[in-house]
Amino acid sequence: MDFMRLLKSLEELLYELVSWLVFYPLTFWRALTRPLSMMRYADDELGDRPEDQYDDTISPPLFLLITLLLSQAVSAAFPTMGSTAEAAALTQSLSNLLIARGVIFGVFPMVMAVTLILHKRLVLTRSTLRPPFFSQCYVAGPFVFLLGLTVDFLMIPDGRGIPYAAVLGLAALAWYGQAEIRWFRRDLGIGAGKAVALFALALLIALVTALAVTIAFAYLLPRWNR
């Protein structure tokens, strides 16, 4: 009986992993081309029964995690400048690097979600934060992928990747900005000017927080591995 239960679990796991090959590209394309529609979809799906949620896509947090895994795989193919012993100790472990990327880039959807909750004057709880955070995971996916590529190009020796990094960085910021500004306008019922200011403030907070988390990981993780 236990053996059959194990086989059933493996069967479900295999199906789930293989299904990502179909549903992840579809989810990424929809998030890239219809970000507001996907954010609305994330909100609607949370109202369904757990077994019926995100039946035709990848769930938002999992989508962001898979995107970070792909970004990490792409980064491994890039030539990089010489690194310190601490940086080498951090990046030699794939699990450490994934944890670091997850927390650092997870700051962006979290800050945007908290900003929305506060400006709606709602009580900040796990229940109120969950819907906007799930919505933000969809729009954060393409953004953090492009942002990761930007950093990878910046790390190419002799500054050869700077022009590509500039183009990718501006494209990522422009795409992310238009999606977030429209989202703030729709959900808060505010004008374009206020939405732009709100996005700029939230983005600044997210960037500063992500930088602080990056420095903390670079300092602490190599020491935890000793």
# chains A, B, ... in the order shown; residues from 1 in each chain; ligands from 1
>>> residues_around(residues="Met38 (chain A)", least_positions_apart="3", cutoff="9 Å", atoms="only C-alpha atoms", output="list in words")
Thr27, Arg30, Ala31, Arg34, Pro35, Tyr41, Ala42, Asp43, Ser135, Tyr138 and Val139 of chain A
>>> select_by_dssp(residues="chain A", states="helix (DSSP H, G or I)", output="ChimeraX atom specification")
/A:2-33,35-45,50-52,60-76,85-91,94-119,126-154,157-159,162-188,192-224
>>> residues_around(residues="Arg130 (chain A)", least_positions_apart="6", cutoff="10 Å", atoms="only C-alpha atoms", output="list in words")
Asp43, Leu46, Met110, Ala113, Val114 and Gln136 of chain A
>>> write_last_selection(atoms="N, CA and C atoms", output="PDB file, in the first residue's frame")
ATOM      1  N   ASP A  43      -6.323  37.685  -8.916  1.00  0.00           N
ATOM      2  CA  ASP A  43      -7.304  38.029  -7.878  1.00  0.00           C
ATOM      3  C   ASP A  43      -8.526  37.120  -7.957  1.00  0.00           C
ATOM      4  N   LEU A  46      -8.131  33.368  -6.687  1.00  0.00           N
ATOM      5  CA  LEU A  46      -8.063  33.133  -5.252  1.00  0.00           C
ATOM      6  C   LEU A  46      -9.445  32.874  -4.650  1.00  0.00           C
ATOM      7  N   MET A 110       6.442  42.459  -3.218  1.00  0.00           N
ATOM      8  CA  MET A 110       6.006  42.713  -1.849  1.00  0.00           C
ATOM      9  C   MET A 110       5.820  44.206  -1.584  1.00  0.00           C
ATOM     10  N   ALA A 113       2.724  45.491  -3.387  1.00  0.00           N
ATOM     11  CA  ALA A 113       1.501  45.024  -2.741  1.00  0.00           C
ATOM     12  C   ALA A 113       1.227  45.777  -1.447  1.00  0.00           C
ATOM     13  N   VAL A 114       2.272  45.991  -0.645  1.00  0.00           N
ATOM     14  CA  VAL A 114       2.113  46.731   0.608  1.00  0.00           C
ATOM     15  C   VAL A 114       1.693  48.173   0.323  1.00  0.00           C
ATOM     16  N   GLN A 136       1.020  40.675  -8.074  1.00  0.00           N
ATOM     17  CA  GLN A 136       2.312  41.266  -8.397  1.00  0.00           C
ATOM     18  C   GLN A 136       3.340  40.237  -8.840  1.00  0.00           C
TER      19      GLN A 136
END
>>> residues_around(residues="Ala192 (chain A)", least_positions_apart="4", cutoff="12 Å", atoms="only C-alpha atoms", output="ChimeraX atom specification")
/A:177-178,180-186,188,196-199
>>> closest_residue(among="A:Leu17, A:Ala218, A:Val111, A:Ile156", to="Leu97 (chain A)", atoms="only C-alpha atoms")
A:Ala218
